[in-house]
Amino acid sequence: MTKLESLQHELIELYKNNTREISIQDTPLMLHHRNQAFKNFQQLGIPTRKTEAYKYTNLEQYLIGEEYDYELAPMNFEANLDDIFHCDIPELATHIALVLNGFYYKHNRAVNLPEGVILCGLAEAAKKYPELIDKHYGKYANTSSESLTALSGMFAQDGVFLYVPKNKIIETPIQIINVGYSFKNLRINRRNLIIAEENSQVSVLFCDHTLCGKSFITNSLTEIYAGPNARIEFNRMQNQNSHSSHISNTYIHQEAASQVTSNTLSLHGGMIRNNIYVKLDGEHASNNTYGLFLADGNQHMSTFTDIHHAKPHCTSTQLVKGILDANATGSFNGRIMVDKGAIKTEAYQRNNNILISPNARMNTKPQLVIYNDDVKCSHGATIGQMDENALFYLRTRGIGYNEARHLLMYAFANEVISAIKLDALRERSIDMVDRRLNGELGACENCKMNYN
């Protein structure tokens with residue numbers, strides 16, 4: 001038995017021995033999905049490097065090696081939110097909620113949301129709004145072929161539930177702070193459900209952090225539903241310690257004329273793997289998927305995208321950029337799928353990477369799968385070093401070597417950052433990337449506990 005098979009056996013036994021405690025707050029439909037995820041995980045197992053999508057992400061290296069505990073109930077932790085965390089983006093007023101080790105923090109401050117809008121824990125939503133849960137929960141995530149989605153689906157008990165009713169526009173962004181904080185190494189599973197109904201509009205910011213020096217393995221599952229003509233901006237900022245691994249599985253389902261933009265900024269972490277699945281399931285829907293990662297040391301950053309055009313006249317744009325230094329490794333595996341009936345599709349994909357050191361490694365694999373002729377699609381990928389001509393030009397203008405090098409890297413990264421629509425968040429991201437490129441940023445500066 002391999003190490004991954006041993007881990008799989010351990011997880012299966014853990015689930016069997018704690019099924020009642022894990023599922024105690026489920027609706028019947030949630031329990032059905034959980035049990036189905038368990039069956040699927042038993043059959044699929046944990047991906048190895050023989051699995052094409054994980055060919056360049058060695059999960060055994062990151063998931064095995066240390067002793068990890070599991071938190072099967074909310075941590076008994078009470079403190080003023082302001083005493084442990086300050087992740088407010090300057091000049092960006094947000095509705096803030098904290099998720100601690102996968103559980104919605106019970107002492108979250110009440111937020112003043114527009115009438116009809118719901119923001120609470122997923123477990124709480126299952127009790128209070130079972131009709132909304134049953135309508136959308138498990139409808140978009142794929143546990144039948146994605147084993148890590150199945151793993152999160154069988155273990156996750158709580159997370160965030162956000163509901164924006166028809167015609168409602170939320171002016172103030174929703175900021176969810178996902179925190180790992182423990183006195184022991186921990187495996188975390190959490191699940192989120194975001195629903196934006198017809199003609200609604202919302203901006204969401206996920207901040208993923210670790211607030212201590214312990215190791216965390218986080219496997220998150222997020223389902224996002226954009227109703228007809230809905231507008232969603234989904235931002236994710238990842239800044240965790242170097243001992244931690246984070247796998248995020250995000251499923252976005254879009255109805256007709258909906259618009260969804262996702263921005264993922266991966267600043268720090270031992271291993272970060274972002275799996276993004278989009279289904280454009282209504283005519284004239286559009287999706288923008290942007291990502292930027294900065295890796296150094298022995299970090300590994302990986303992005304997997306699957307953009308599925310299921311209906312005609314839809315558009316999608318992907319742009320993922322990476323900067324890798326020292327012994328860092330990265331991978332991009334992106335696919336565009338266009339169904340036979342999805343005529344007049346416009347789909348564009350680009351992945352660009354810069355290797356700063358000779359030991360850094362990057363693998364990229366863009367893919368197009370098209371079943372009709374009436375489309376405009378393109379893909380492209382580059383892996384290269386710093387532009388020596390541009391560097392020389394800047395130096396001839398009196399700019400020092402390090403500053404010139406920094407300016408070029410910043411210019412490279414700015415194409416992704418500029419896609420963030422929220423002005424204050426974009427400016428904050430510029431500052432964090434700037435500091436990260438200078439090697440100054442180990443964790444969000446507003447955290448009182450900074451650990452690498």
# chains A, B, ... in the order shown; residues from 1 in each chain; ligands from 1
call {"tool": "residues_around", "arguments": {"residues": "A:Ser286", "least_positions_apart": "5", "cutoff": "10 Å", "atoms": "only C-alpha atoms", "output": "PyMOL selection string"}}
result
chain A and resi 231+254-261+280+309+313-317+346-347
call {"tool": "write_last_selection", "arguments": {"atoms": "all heavy atoms", "output": "compact mmCIF listing (two decimals), in the first residue's frame"}}
result
# COMPACT_ATOMS: atom_id res chain seq x y z
N ARG A 231 -24.64 39.77 -11.54
CA ARG A 231 -23.26 40.25 -11.63
C ARG A 231 -22.52 39.84 -10.35
O ARG A 231 -22.92 40.23 -9.25
CB ARG A 231 -23.20 41.77 -11.78
CG ARG A 231 -23.99 42.32 -12.95
CD ARG A 231 -23.27 42.05 -14.27
NE ARG A 231 -23.96 42.68 -15.40
CZ ARG A 231 -24.94 42.11 -16.09
NH1 ARG A 231 -25.34 40.88 -15.77
NH2 ARG A 231 -25.51 42.73 -17.10
N GLN A 254 -23.31 29.59 -14.36
CA GLN A 254 -23.85 30.86 -14.84
C GLN A 254 -25.06 30.66 -15.75
O GLN A 254 -25.01 29.86 -16.69
CB GLN A 254 -22.77 31.64 -15.59
CG GLN A 254 -21.61 32.07 -14.70
CD GLN A 254 -20.62 32.96 -15.41
OE1 GLN A 254 -19.43 32.72 -15.38
NE2 GLN A 254 -21.11 34.01 -16.06
N GLU A 255 -26.10 31.44 -15.46
CA GLU A 255 -27.30 31.44 -16.30
C GLU A 255 -27.17 32.54 -17.36
O GLU A 255 -26.14 33.24 -17.43
CB GLU A 255 -28.54 31.66 -15.43
CG GLU A 255 -28.76 30.59 -14.37
CD GLU A 255 -29.25 29.26 -14.93
OE1 GLU A 255 -29.45 29.18 -16.17
OE2 GLU A 255 -29.42 28.31 -14.16
N ALA A 256 -28.21 32.72 -18.15
CA ALA A 256 -28.17 33.61 -19.30
C ALA A 256 -27.81 35.05 -18.91
O ALA A 256 -28.32 35.59 -17.92
CB ALA A 256 -29.54 33.61 -20.00
N ALA A 257 -26.92 35.65 -19.69
CA ALA A 257 -26.53 37.06 -19.56
C ALA A 257 -25.88 37.39 -18.22
O ALA A 257 -25.72 38.56 -17.88
CB ALA A 257 -27.72 37.98 -19.80
N SER A 258 -25.53 36.39 -17.45
CA SER A 258 -24.83 36.66 -16.19
C SER A 258 -23.37 37.00 -16.47
O SER A 258 -22.81 36.62 -17.50
CB SER A 258 -24.91 35.44 -15.26
OG SER A 258 -24.27 34.32 -15.87
N GLN A 259 -22.77 37.73 -15.54
CA GLN A 259 -21.37 38.12 -15.67
C GLN A 259 -20.64 37.79 -14.35
O GLN A 259 -21.04 38.29 -13.30
CB GLN A 259 -21.24 39.61 -15.97
CG GLN A 259 -21.86 40.04 -17.28
CD GLN A 259 -21.72 41.53 -17.52
OE1 GLN A 259 -20.89 42.20 -16.91
NE2 GLN A 259 -22.56 42.06 -18.40
N VAL A 260 -19.61 36.99 -14.45
CA VAL A 260 -18.82 36.63 -13.27
C VAL A 260 -17.35 36.87 -13.56
O VAL A 260 -16.83 36.44 -14.61
CB VAL A 260 -19.02 35.15 -12.86
CG1 VAL A 260 -18.09 34.78 -11.70
CG2 VAL A 260 -20.47 34.89 -12.48
N THR A 261 -16.71 37.58 -12.65
CA THR A 261 -15.26 37.78 -12.73
C THR A 261 -14.63 37.23 -11.46
O THR A 261 -15.06 37.57 -10.35
CB THR A 261 -14.91 39.27 -12.86
OG1 THR A 261 -15.42 39.77 -14.10
CG2 THR A 261 -13.40 39.47 -12.84
N LEU A 280 -20.88 27.82 -18.39
CA LEU A 280 -21.70 28.88 -18.96
C LEU A 280 -22.94 28.22 -19.54
O LEU A 280 -22.91 27.66 -20.64
CB LEU A 280 -20.90 29.64 -20.03
CG LEU A 280 -19.64 30.33 -19.48
CD1 LEU A 280 -18.67 30.68 -20.59
CD2 LEU A 280 -20.02 31.56 -18.68
N HIS A 309 -18.27 25.86 -22.13
CA HIS A 309 -19.28 26.63 -22.87
C HIS A 309 -20.39 25.67 -23.29
O HIS A 309 -20.20 24.87 -24.22
CB HIS A 309 -18.65 27.29 -24.10
CG HIS A 309 -17.79 28.47 -23.77
ND1 HIS A 309 -18.19 29.77 -23.98
CD2 HIS A 309 -16.55 28.55 -23.23
CE1 HIS A 309 -17.23 30.60 -23.59
NE2 HIS A 309 -16.21 29.88 -23.14
N HIS A 313 -23.34 31.95 -27.84
CA HIS A 313 -23.12 33.38 -27.64
C HIS A 313 -22.53 33.72 -26.27
O HIS A 313 -22.82 34.78 -25.70
CB HIS A 313 -24.44 34.15 -27.82
CG HIS A 313 -25.08 33.95 -29.16
ND1 HIS A 313 -24.64 34.56 -30.31
CD2 HIS A 313 -26.14 33.17 -29.52
CE1 HIS A 313 -25.40 34.19 -31.32
NE2 HIS A 313 -26.31 33.34 -30.88
N CYS A 314 -21.73 32.85 -25.74
CA CYS A 314 -21.08 33.13 -24.45
C CYS A 314 -19.61 33.50 -24.67
O CYS A 314 -19.00 33.10 -25.68
CB CYS A 314 -21.16 31.92 -23.51
SG CYS A 314 -22.84 31.51 -22.99
N THR A 315 -19.04 34.23 -23.73
CA THR A 315 -17.64 34.62 -23.83
C THR A 315 -16.90 34.28 -22.55
O THR A 315 -17.48 34.30 -21.45
CB THR A 315 -17.49 36.14 -24.08
OG1 THR A 315 -18.05 36.86 -22.97
CG2 THR A 315 -18.20 36.55 -25.36
N SER A 316 -15.63 33.95 -22.69
CA SER A 316 -14.80 33.70 -21.51
C SER A 316 -13.37 34.18 -21.79
O SER A 316 -12.89 34.07 -22.92
CB SER A 316 -14.79 32.21 -21.13
OG SER A 316 -14.13 31.43 -22.09
N THR A 317 -12.75 34.70 -20.76
CA THR A 317 -11.36 35.15 -20.84
C THR A 317 -10.61 34.60 -19.64
O THR A 317 -11.06 34.75 -18.51
CB THR A 317 -11.28 36.69 -20.84
OG1 THR A 317 -12.04 37.21 -21.93
CG2 THR A 317 -9.84 37.15 -20.95
N GLU A 346 -16.95 32.79 -27.87
CA GLU A 346 -15.65 33.46 -27.88
C GLU A 346 -14.95 33.10 -26.58
O GLU A 346 -15.45 33.41 -25.49
CB GLU A 346 -15.81 34.98 -28.00
CG GLU A 346 -16.37 35.42 -29.34
CD GLU A 346 -16.31 36.91 -29.55
OE1 GLU A 346 -15.35 37.54 -29.02
OE2 GLU A 346 -17.20 37.46 -30.21
N ALA A 347 -13.81 32.43 -26.71
CA ALA A 347 -13.10 31.94 -25.53
C ALA A 347 -11.60 32.14 -25.71
O ALA A 347 -11.04 31.71 -26.72
CB ALA A 347 -13.42 30.46 -25.29
call {"tool": "closest_residue", "arguments": {"among": "A:Ala413, A:Ile177, A:Pro312, A:Arg236", "to": "A:Lys344", "atoms": "only C-alpha atoms"}}
result
A:Pro312
call {"tool": "residues_around", "arguments": {"residues": "stretch 209-219 of chain A", "least_positions_apart": "5", "cutoff": "8 Å", "atoms": "only C-alpha atoms", "output": "compact mmCIF listing (two decimals) with all heavy atoms, in the first residue's frame"}}
result
# COMPACT_ATOMS: atom_id res chain seq x y z
N LEU A 63 0.79 16.31 1.45
CA LEU A 63 -0.29 15.82 2.32
C LEU A 63 0.20 14.83 3.36
O LEU A 63 -0.53 14.48 4.28
CB LEU A 63 -1.39 15.18 1.47
CG LEU A 63 -2.03 16.04 0.38
CD1 LEU A 63 -3.20 15.30 -0.26
CD2 LEU A 63 -2.48 17.38 0.94
N LEU A 148 -10.89 15.22 -4.88
CA LEU A 148 -10.68 16.16 -3.78
C LEU A 148 -11.94 16.96 -3.50
O LEU A 148 -12.17 17.37 -2.36
CB LEU A 148 -9.50 17.09 -4.11
CG LEU A 148 -8.16 16.37 -4.25
CD1 LEU A 148 -7.04 17.36 -4.54
CD2 LEU A 148 -7.83 15.57 -2.99
N SER A 152 -13.74 16.84 0.20
CA SER A 152 -14.26 17.99 0.93
C SER A 152 -15.76 17.83 1.16
O SER A 152 -16.28 18.16 2.22
CB SER A 152 -13.98 19.29 0.16
OG SER A 152 -14.37 20.41 0.90
N ILE A 177 -13.12 36.11 5.94
CA ILE A 177 -11.75 35.85 6.38
C ILE A 177 -11.67 34.40 6.85
O ILE A 177 -12.20 34.04 7.90
CB ILE A 177 -11.33 36.81 7.51
CG1 ILE A 177 -11.55 38.26 7.08
CG2 ILE A 177 -9.87 36.59 7.88
CD1 ILE A 177 -11.36 39.26 8.18
N ASN A 178 -11.01 33.57 6.05
CA ASN A 178 -10.83 32.16 6.40
C ASN A 178 -9.50 32.01 7.14
O ASN A 178 -8.43 32.24 6.57
CB ASN A 178 -10.82 31.30 5.13
CG ASN A 178 -12.13 31.37 4.38
OD1 ASN A 178 -13.17 31.03 4.92
ND2 ASN A 178 -12.08 31.83 3.14
N VAL A 179 -9.59 31.59 8.39
CA VAL A 179 -8.41 31.57 9.24
C VAL A 179 -8.11 30.15 9.71
O VAL A 179 -9.01 29.41 10.11
CB VAL A 179 -8.63 32.49 10.47
CG1 VAL A 179 -7.60 32.21 11.54
CG2 VAL A 179 -8.56 33.95 10.04
N GLY A 180 -6.83 29.80 9.66
CA GLY A 180 -6.36 28.59 10.32
C GLY A 180 -5.65 28.99 11.60
O GLY A 180 -4.67 29.76 11.55
N TYR A 181 -6.15 28.53 12.73
CA TYR A 181 -5.57 28.92 14.02
C TYR A 181 -5.73 27.75 14.99
O TYR A 181 -6.85 27.37 15.32
CB TYR A 181 -6.28 30.17 14.54
CG TYR A 181 -5.75 30.66 15.88
CD1 TYR A 181 -4.42 31.03 16.02
CD2 TYR A 181 -6.59 30.75 16.99
CE1 TYR A 181 -3.94 31.48 17.22
CE2 TYR A 181 -6.11 31.20 18.20
CZ TYR A 181 -4.78 31.57 18.32
OH TYR A 181 -4.30 32.01 19.53
N SER A 182 -4.62 27.17 15.40
CA SER A 182 -4.72 25.97 16.22
C SER A 182 -3.41 25.75 16.99
O SER A 182 -2.38 26.35 16.65
CB SER A 182 -5.01 24.75 15.32
OG SER A 182 -5.05 23.57 16.07
N PHE A 183 -3.50 24.91 18.00
CA PHE A 183 -2.30 24.53 18.74
C PHE A 183 -1.75 23.19 18.25
O PHE A 183 -0.86 22.61 18.87
CB PHE A 183 -2.62 24.46 20.24
CG PHE A 183 -3.11 25.76 20.79
CD1 PHE A 183 -4.46 25.94 21.06
CD2 PHE A 183 -2.23 26.82 21.01
CE1 PHE A 183 -4.92 27.15 21.56
CE2 PHE A 183 -2.69 28.03 21.50
CZ PHE A 183 -4.04 28.20 21.77
N LYS A 184 -2.32 22.70 17.17
CA LYS A 184 -1.86 21.43 16.61
C LYS A 184 -1.98 21.51 15.09
O LYS A 184 -2.74 22.32 14.54
CB LYS A 184 -2.75 20.29 17.14
CG LYS A 184 -4.22 20.55 16.90
CD LYS A 184 -5.12 19.60 17.68
CE LYS A 184 -6.59 19.94 17.44
NZ LYS A 184 -7.49 19.11 18.25
N ASN A 185 -1.22 20.67 14.39
CA ASN A 185 -1.37 20.59 12.95
C ASN A 185 -2.77 20.10 12.62
O ASN A 185 -3.28 19.18 13.28
CB ASN A 185 -0.33 19.66 12.34
CG ASN A 185 1.09 20.14 12.58
OD1 ASN A 185 1.34 21.34 12.70
ND2 ASN A 185 2.03 19.21 12.64
N LEU A 186 -3.37 20.67 11.60
CA LEU A 186 -4.79 20.43 11.41
C LEU A 186 -5.14 20.23 9.94
O LEU A 186 -4.59 20.91 9.06
CB LEU A 186 -5.56 21.65 11.94
CG LEU A 186 -6.98 21.45 12.43
CD1 LEU A 186 -7.04 20.46 13.59
CD2 LEU A 186 -7.59 22.80 12.85
N ARG A 187 -6.06 19.29 9.69
CA ARG A 187 -6.70 19.18 8.38
C ARG A 187 -8.04 19.91 8.45
O ARG A 187 -8.84 19.65 9.35
CB ARG A 187 -6.93 17.72 8.00
CG ARG A 187 -5.65 16.91 7.83
CD ARG A 187 -5.97 15.52 7.30
NE ARG A 187 -4.80 14.65 7.39
CZ ARG A 187 -3.85 14.60 6.46
NH1 ARG A 187 -3.95 15.34 5.38
NH2 ARG A 187 -2.82 13.78 6.60
N ILE A 188 -8.27 20.81 7.51
CA ILE A 188 -9.48 21.63 7.50
C ILE A 188 -10.27 21.36 6.22
O ILE A 188 -9.70 21.35 5.13
CB ILE A 188 -9.13 23.14 7.57
CG1 ILE A 188 -8.43 23.47 8.89
CG2 ILE A 188 -10.38 23.99 7.40
CD1 ILE A 188 -7.90 24.90 8.95
N ASN A 189 -11.57 21.13 6.40
CA ASN A 189 -12.47 21.06 5.25
C ASN A 189 -13.57 22.09 5.47
O ASN A 189 -14.14 22.17 6.56
CB ASN A 189 -13.09 19.67 5.13
CG ASN A 189 -12.07 18.64 4.69
OD1 ASN A 189 -11.77 18.51 3.50
ND2 ASN A 189 -11.51 17.91 5.65
N ARG A 190 -13.87 22.87 4.47
CA ARG A 190 -14.97 23.82 4.59
C ARG A 190 -15.71 23.89 3.26
O ARG A 190 -15.16 23.59 2.20
CB ARG A 190 -14.48 25.20 5.01
CG ARG A 190 -13.52 25.86 4.06
CD ARG A 190 -13.28 27.32 4.45
NE ARG A 190 -12.31 27.93 3.57
CZ ARG A 190 -11.02 28.12 3.88
NH1 ARG A 190 -10.57 27.77 5.07
NH2 ARG A 190 -10.20 28.68 3.02
N GLN A 238 -4.77 34.80 -1.11
CA GLN A 238 -4.22 33.69 -0.33
C GLN A 238 -2.86 34.08 0.23
O GLN A 238 -1.94 34.42 -0.53
CB GLN A 238 -4.10 32.45 -1.23
CG GLN A 238 -5.44 31.98 -1.75
CD GLN A 238 -5.33 30.96 -2.87
OE1 GLN A 238 -4.50 31.10 -3.75
NE2 GLN A 238 -6.18 29.94 -2.84
N ASN A 239 -2.75 34.02 1.54
CA ASN A 239 -1.52 34.44 2.20
C ASN A 239 -1.34 33.62 3.47
O ASN A 239 -1.76 34.01 4.55
CB ASN A 239 -1.60 35.94 2.53
CG ASN A 239 -0.22 36.54 2.73
OD1 ASN A 239 0.78 35.98 2.30
ND2 ASN A 239 -0.17 37.68 3.37
N GLN A 240 -0.74 32.44 3.31
CA GLN A 240 -0.64 31.50 4.43
C GLN A 240 0.82 31.17 4.70
O GLN A 240 1.70 31.53 3.92
CB GLN A 240 -1.44 30.23 4.09
CG GLN A 240 -2.92 30.53 3.86
CD GLN A 240 -3.69 29.31 3.38
OE1 GLN A 240 -3.41 28.77 2.32
NE2 GLN A 240 -4.66 28.87 4.17
N ASN A 241 1.06 30.50 5.82
CA ASN A 241 2.45 30.23 6.17
C ASN A 241 3.04 29.14 5.25
O ASN A 241 2.33 28.41 4.56
CB ASN A 241 2.61 29.88 7.65
CG ASN A 241 2.00 28.54 8.02
OD1 ASN A 241 2.08 27.58 7.27
ND2 ASN A 241 1.40 28.47 9.21
N HIS A 243 4.31 26.37 5.85
CA HIS A 243 4.13 24.97 6.22
C HIS A 243 2.79 24.42 5.76
O HIS A 243 2.51 23.24 5.95
CB HIS A 243 4.20 24.82 7.74
CG HIS A 243 5.31 25.58 8.38
ND1 HIS A 243 6.64 25.35 8.07
CD2 HIS A 243 5.31 26.59 9.27
CE1 HIS A 243 7.39 26.17 8.78
NE2 HIS A 243 6.62 26.95 9.50
N SER A 244 1.97 25.29 5.20
CA SER A 244 0.58 24.91 4.95
C SER A 244 0.31 24.63 3.48
O SER A 244 0.96 25.19 2.59
CB SER A 244 -0.35 26.02 5.44
OG SER A 244 -0.26 26.13 6.85
N SER A 245 -0.67 23.77 3.26
CA SER A 245 -1.12 23.44 1.91
C SER A 245 -2.59 23.80 1.78
O SER A 245 -3.37 23.60 2.72
CB SER A 245 -0.94 21.94 1.63
OG SER A 245 0.42 21.59 1.72
N HIS A 246 -2.94 24.31 0.64
CA HIS A 246 -4.33 24.75 0.44
C HIS A 246 -4.80 24.31 -0.94
O HIS A 246 -4.20 24.66 -1.95
CB HIS A 246 -4.40 26.28 0.56
CG HIS A 246 -5.81 26.82 0.51
ND1 HIS A 246 -6.13 28.07 0.92
CD2 HIS A 246 -6.97 26.25 0.10
CE1 HIS A 246 -7.43 28.27 0.76
NE2 HIS A 246 -7.95 27.18 0.26
N ILE A 247 -5.88 23.55 -0.94
CA ILE A 247 -6.52 23.14 -2.20
C ILE A 247 -7.90 23.76 -2.21
O ILE A 247 -8.72 23.50 -1.32
CB ILE A 247 -6.63 21.61 -2.29
CG1 ILE A 247 -5.23 20.98 -2.21
CG2 ILE A 247 -7.33 21.20 -3.58
CD1 ILE A 247 -5.25 19.50 -1.86
N SER A 248 -8.17 24.58 -3.19
CA SER A 248 -9.51 25.18 -3.31
C SER A 248 -10.17 24.65 -4.56
O SER A 248 -9.56 24.56 -5.63
CB SER A 248 -9.42 26.71 -3.35
OG SER A 248 -8.86 27.16 -4.58
N ASN A 249 -11.43 24.26 -4.41
CA ASN A 249 -12.25 23.75 -5.52
C ASN A 249 -13.44 24.68 -5.68
O ASN A 249 -14.34 24.69 -4.83
CB ASN A 249 -12.72 22.33 -5.22
CG ASN A 249 -11.57 21.39 -4.85
OD1 ASN A 249 -10.84 20.93 -5.71
ND2 ASN A 249 -11.40 21.13 -3.55
N ALA A 443 3.20 37.70 5.75
CA ALA A 443 1.78 37.54 6.02
C ALA A 443 1.16 38.92 5.96
O ALA A 443 1.85 39.92 5.92
CB ALA A 443 1.55 36.91 7.39
N CYS A 447 -2.34 41.52 10.28
CA CYS A 447 -2.46 40.46 11.27
C CYS A 447 -1.51 40.77 12.42
O CYS A 447 -0.36 41.14 12.21
CB CYS A 447 -2.08 39.10 10.69
SG CYS A 447 -3.10 38.61 9.30
N MET A 449 -0.48 38.47 14.35
CA MET A 449 0.40 37.31 14.45
C MET A 449 0.95 37.00 13.07
O MET A 449 0.22 36.52 12.23
CB MET A 449 -0.36 36.11 14.99
CG MET A 449 -1.02 36.37 16.32
SD MET A 449 -1.99 34.96 16.86
CE MET A 449 -2.79 35.64 18.31
N ASN A 450 2.18 37.32 12.84
CA ASN A 450 2.78 37.06 11.54
C ASN A 450 3.77 35.91 11.65
O ASN A 450 4.76 35.99 12.35
CB ASN A 450 3.51 38.30 11.03
CG ASN A 450 2.54 39.39 10.64
OD1 ASN A 450 1.40 39.11 10.30
ND2 ASN A 450 2.99 40.61 10.70
N TYR A 451 3.46 34.84 10.97
CA TYR A 451 4.35 33.68 10.98
C TYR A 451 4.62 33.25 9.55
O TYR A 451 3.73 33.29 8.72
CB TYR A 451 3.71 32.51 11.74
CG TYR A 451 3.54 32.74 13.20
CD1 TYR A 451 2.36 33.31 13.69
CD2 TYR A 451 4.53 32.41 14.11
CE1 TYR A 451 2.19 33.52 15.05
CE2 TYR A 451 4.37 32.61 15.46
CZ TYR A 451 3.19 33.16 15.93
OH TYR A 451 3.02 33.37 17.26
N ASN A 452 5.81 32.81 9.29
CA ASN A 452 6.13 32.25 7.99
C ASN A 452 6.26 30.74 8.10
O ASN A 452 6.47 30.20 9.14
CB ASN A 452 7.44 32.82 7.46
CG ASN A 452 7.25 34.25 7.01
OD1 ASN A 452 6.21 34.59 6.45
ND2 ASN A 452 8.22 35.08 7.27
call {"tool": "atom_distance", "arguments": {"atom1": "atom CA of A:Arg397", "atom2": "atom CA of A:Tyr410"}}
result
17.8 Å
call {"tool": "select_by_dssp", "arguments": {"residues": "stretch 93-340 of chain A", "states": "helix (DSSP H, G or I)", "output": "PyMOL selection string"}}
result
chain A and resi 122-128+130-136+147-155
call {"tool": "write_last_selection", "arguments": {"atoms": "N, CA and C atoms", "output": "mmCIF file, in the first residue's frame"}}
result
data_model
loop_
_atom_site.group_PDB
_atom_site.id
_atom_site.type_symbol
_atom_site.label_atom_id
_atom_site.label_comp_id
_atom_site.auth_asym_id
_atom_site.auth_seq_id
_atom_site.Cartn_x
_atom_site.Cartn_y
_atom_site.Cartn_z
ATOM 1 N N LEU A 122 -22.994 27.976 6.874
ATOM 2 C CA LEU A 122 -23.729 27.005 6.063
ATOM 3 C C LEU A 122 -24.565 26.070 6.934
ATOM 4 N N ALA A 123 -24.008 25.675 8.083
ATOM 5 C CA ALA A 123 -24.751 24.787 8.983
ATOM 6 C C ALA A 123 -25.996 25.494 9.519
ATOM 7 N N GLU A 124 -25.867 26.765 9.839
ATOM 8 C CA GLU A 124 -27.016 27.546 10.306
ATOM 9 C C GLU A 124 -28.055 27.682 9.194
ATOM 10 N N ALA A 125 -27.586 27.901 7.972
ATOM 11 C CA ALA A 125 -28.498 28.042 6.838
ATOM 12 C C ALA A 125 -29.287 26.758 6.600
ATOM 13 N N ALA A 126 -28.643 25.618 6.847
ATOM 14 C CA ALA A 126 -29.340 24.349 6.649
ATOM 15 C C ALA A 126 -30.554 24.240 7.565
ATOM 16 N N LYS A 127 -30.475 24.841 8.763
ATOM 17 C CA LYS A 127 -31.604 24.821 9.696
ATOM 18 C C LYS A 127 -32.670 25.845 9.332
ATOM 19 N N LYS A 128 -32.208 27.050 8.971
ATOM 20 C CA LYS A 128 -33.149 28.164 8.790
ATOM 21 C C LYS A 128 -33.715 28.275 7.376
ATOM 22 N N PRO A 130 -33.786 25.708 4.615
ATOM 23 C CA PRO A 130 -33.579 24.422 3.915
ATOM 24 C C PRO A 130 -34.040 24.459 2.468
ATOM 25 N N GLU A 131 -35.058 25.310 2.151
ATOM 26 C CA GLU A 131 -35.532 25.364 0.766
ATOM 27 C C GLU A 131 -34.456 25.922 -0.167
ATOM 28 N N LEU A 132 -33.677 26.926 0.310
ATOM 29 C CA LEU A 132 -32.596 27.482 -0.513
ATOM 30 C C LEU A 132 -31.433 26.495 -0.618
ATOM 31 N N ILE A 133 -31.135 25.850 0.494
ATOM 32 C CA ILE A 133 -30.051 24.865 0.488
ATOM 33 C C ILE A 133 -30.378 23.737 -0.489
ATOM 34 N N ASP A 134 -31.590 23.214 -0.371
ATOM 35 C CA ASP A 134 -31.949 22.067 -1.205
ATOM 36 C C ASP A 134 -32.027 22.420 -2.693
ATOM 37 N N LYS A 135 -32.278 23.699 -2.988
ATOM 38 C CA LYS A 135 -32.374 24.108 -4.393
ATOM 39 C C LYS A 135 -31.002 24.170 -5.065
ATOM 40 N N HIS A 136 -29.967 24.512 -4.282
ATOM 41 C CA HIS A 136 -28.659 24.756 -4.923
ATOM 42 C C HIS A 136 -27.521 23.859 -4.408
ATOM 43 N N SER A 147 -11.929 13.819 -7.122
ATOM 44 C CA SER A 147 -11.848 13.152 -5.825
ATOM 45 C C SER A 147 -11.638 14.123 -4.661
ATOM 46 N N LEU A 148 -10.888 15.220 -4.881
ATOM 47 C CA LEU A 148 -10.676 16.162 -3.785
ATOM 48 C C LEU A 148 -11.939 16.956 -3.498
ATOM 49 N N THR A 149 -12.767 17.156 -4.523
ATOM 50 C CA THR A 149 -14.088 17.733 -4.294
ATOM 51 C C THR A 149 -14.926 16.770 -3.470
ATOM 52 N N ALA A 150 -14.846 15.492 -3.812
ATOM 53 C CA ALA A 150 -15.576 14.485 -3.047
ATOM 54 C C ALA A 150 -15.084 14.435 -1.603
ATOM 55 N N LEU A 151 -13.770 14.538 -1.410
ATOM 56 C CA LEU A 151 -13.202 14.494 -0.056
ATOM 57 C C LEU A 151 -13.720 15.652 0.789
ATOM 58 N N SER A 152 -13.735 16.844 0.199
ATOM 59 C CA SER A 152 -14.264 17.991 0.932
ATOM 60 C C SER A 152 -15.759 17.832 1.156
ATOM 61 N N GLY A 153 -16.451 17.304 0.143
ATOM 62 C CA GLY A 153 -17.894 17.125 0.259
ATOM 63 C C GLY A 153 -18.303 16.162 1.352
ATOM 64 N N MET A 154 -17.480 15.165 1.639
ATOM 65 C CA MET A 154 -17.860 14.198 2.679
ATOM 66 C C MET A 154 -17.499 14.681 4.079
ATOM 67 N N PHE A 155 -16.503 15.559 4.202
ATOM 68 C CA PHE A 155 -16.072 15.980 5.541
ATOM 69 C C PHE A 155 -16.572 17.365 5.955
#
call {"tool": "closest_residue", "arguments": {"among": "A:Asn167, A:Thr27, A:Thr305, A:Thr143", "to": "A:Asn274", "atoms": "only C-alpha atoms"}}
result
A:Thr305
call {"tool": "select_by_dssp", "arguments": {"residues": "stretch 73-267 of chain A", "states": "strand (DSSP E)", "output": "PyMOL selection string"}}
result
chain A and resi 95-100+103-104+118-121+160-164+174-180+186-196+201-210+216-226+231-239+245-254+259-267
call {"tool": "residues_around", "arguments": {"residues": "A:Phe304", "least_positions_apart": "4", "cutoff": "6 Å", "atoms": "only C-alpha atoms", "output": "number ranges by chain"}}
result
A: 275, 332-334
call {"tool": "residues_around", "arguments": {"residues": "A:Ile323", "least_positions_apart": "2", "cutoff": "6 Å", "atoms": "only C-alpha atoms", "output": "list in words"}}
result
Leu294, Asn353 and Ile354 of chain A
call {"tool": "atom_distance", "arguments": {"atom1": "atom CA of A:Asn359", "atom2": "atom CA of A:Ile46"}}
result
28.3 Å
